[in-house]
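Asks: Structure provided below as structure tokens; questions to follow.
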Amino acid sequence: MASESKKLFAEAMKKFIAGTVASMEAARELAMLSIREFSDEFGSGNLSYAQQFIDAIQQHGKNYVRRNAFLAWLAFHSPVLCDETGKVLEPLTKDKGPDAKPFKIAAAETTPFWEFKPEAPQVPYSAETVVQALKRTVGKFSGTRYTATGNGAIAVGEAVKMIARLEVLLKEPFKAVDQAEVDQVLPTVAGVPAVADTTQTETETPVSENEIAVA
């Protein structure tokens with residue numbers, strides 16, 4: 001009985017390995033045929049192959065056939081149209097703009113699409129971005145959903161003061177901060193609770209000062 005089970009397992013394993021290898025080879029070939037057909041140098045500029053492959057991945061793809069990986073690989077190696085964040089737009093369309101990426105067929109051939117990991121893009125931020133992030137974080141505690149516990153209300157009040165001080169500082173970064181000016185700015189810090197408002201109302205979700213954190 002054990003020997004029969006071992007034989008069946010070995011046969012199933014053999015089929016699995018052979019099928020997986022063959023499937024991976026076919027997937028890589030389909031990816032390369034898709035990008036070549038899309039290129040003007042090797043194909044007709046048609047994205048229909050790539051679209052059909054995407055549809056097949058969606059419906060029949062195995063664990064290594066990562067749909068998003070193929071799209072990222074395609075976007076990196078060809079002028080497929082993307083939005084401002086770099087996400088490929090569907091249905092697939094060629095980017096005909098002046099800043100469209102060139103085809104990189106030779107580079108595409110060196111890496112299977114499921115192993116492709118593009119470098120994470122650098123995300124620029126400004127002083128205003130930081131201030132707005134702080135306001136959003138602190139501002140959520142001004143609604144009626146939260147009620148302060150412990151020193152929560154004090155923490156929120158101090159955070160509001162910090163935002164006001166930061167806004168004054170950013171006007172003239174190399175100048176000493178005038179507290180009187182901070183006091184003037186304080187009431188105008190939009191979207192956050194008033195500093196003096198430490199009233200604890202009955203609401204659905206208690207929250208402590210430890211939850212006030214900027215991601």
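Scheme for the structure tokens: letters A, B, ... for chains in order shown; per-chain residue numbers from 1; ligand numbers from 1 in order shown.
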How would you write, as an MDAnalysis selection string, the set of residues in chain A that DSSP gives as helix (DSSP H, G or I)?
Replies: chainID A and resid 2:38 48:60 67:77 105:108 113:115 127:142 152:171 179:188 209:211
Asks: Just list as a PyMOL selection string whatever in stretch 1-209 of chain A DSSP marks as strand (DSSP E or B).
Replies: chain A and resi 80+82+88+94+146-148+205-207
Asks: Compare A:Pro102, A:Val138, A:Lys96, A:Leu33 by their minimum atom-to-atom distance to A:Gly152, counting only C-alpha atoms, and give me the closest one.
Replies: A:Val138
Asks: Of the candidates A:Asp183, A:Phe103, A:Phe16, A:Leu89, which one gets nearest to A:Phe42 if we count only C-alpha atoms?
Replies: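 Closest to A:Phe42 of all the choices is A:Phe103.
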Asks: Between A:Ala10, A:Ala127, A:Leu47, A:Ala148, which one has atoms that come closest to A:Val168, using only C-alpha atoms?
Replies: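 Selected residue with least distance to A:Val168: A:Ala127.
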Asks: Please measure the separation of atom CA of A:Gln132 and atom CA of A:Glu167, giving the value in Å to one decimal.
Replies: 10.4 Å
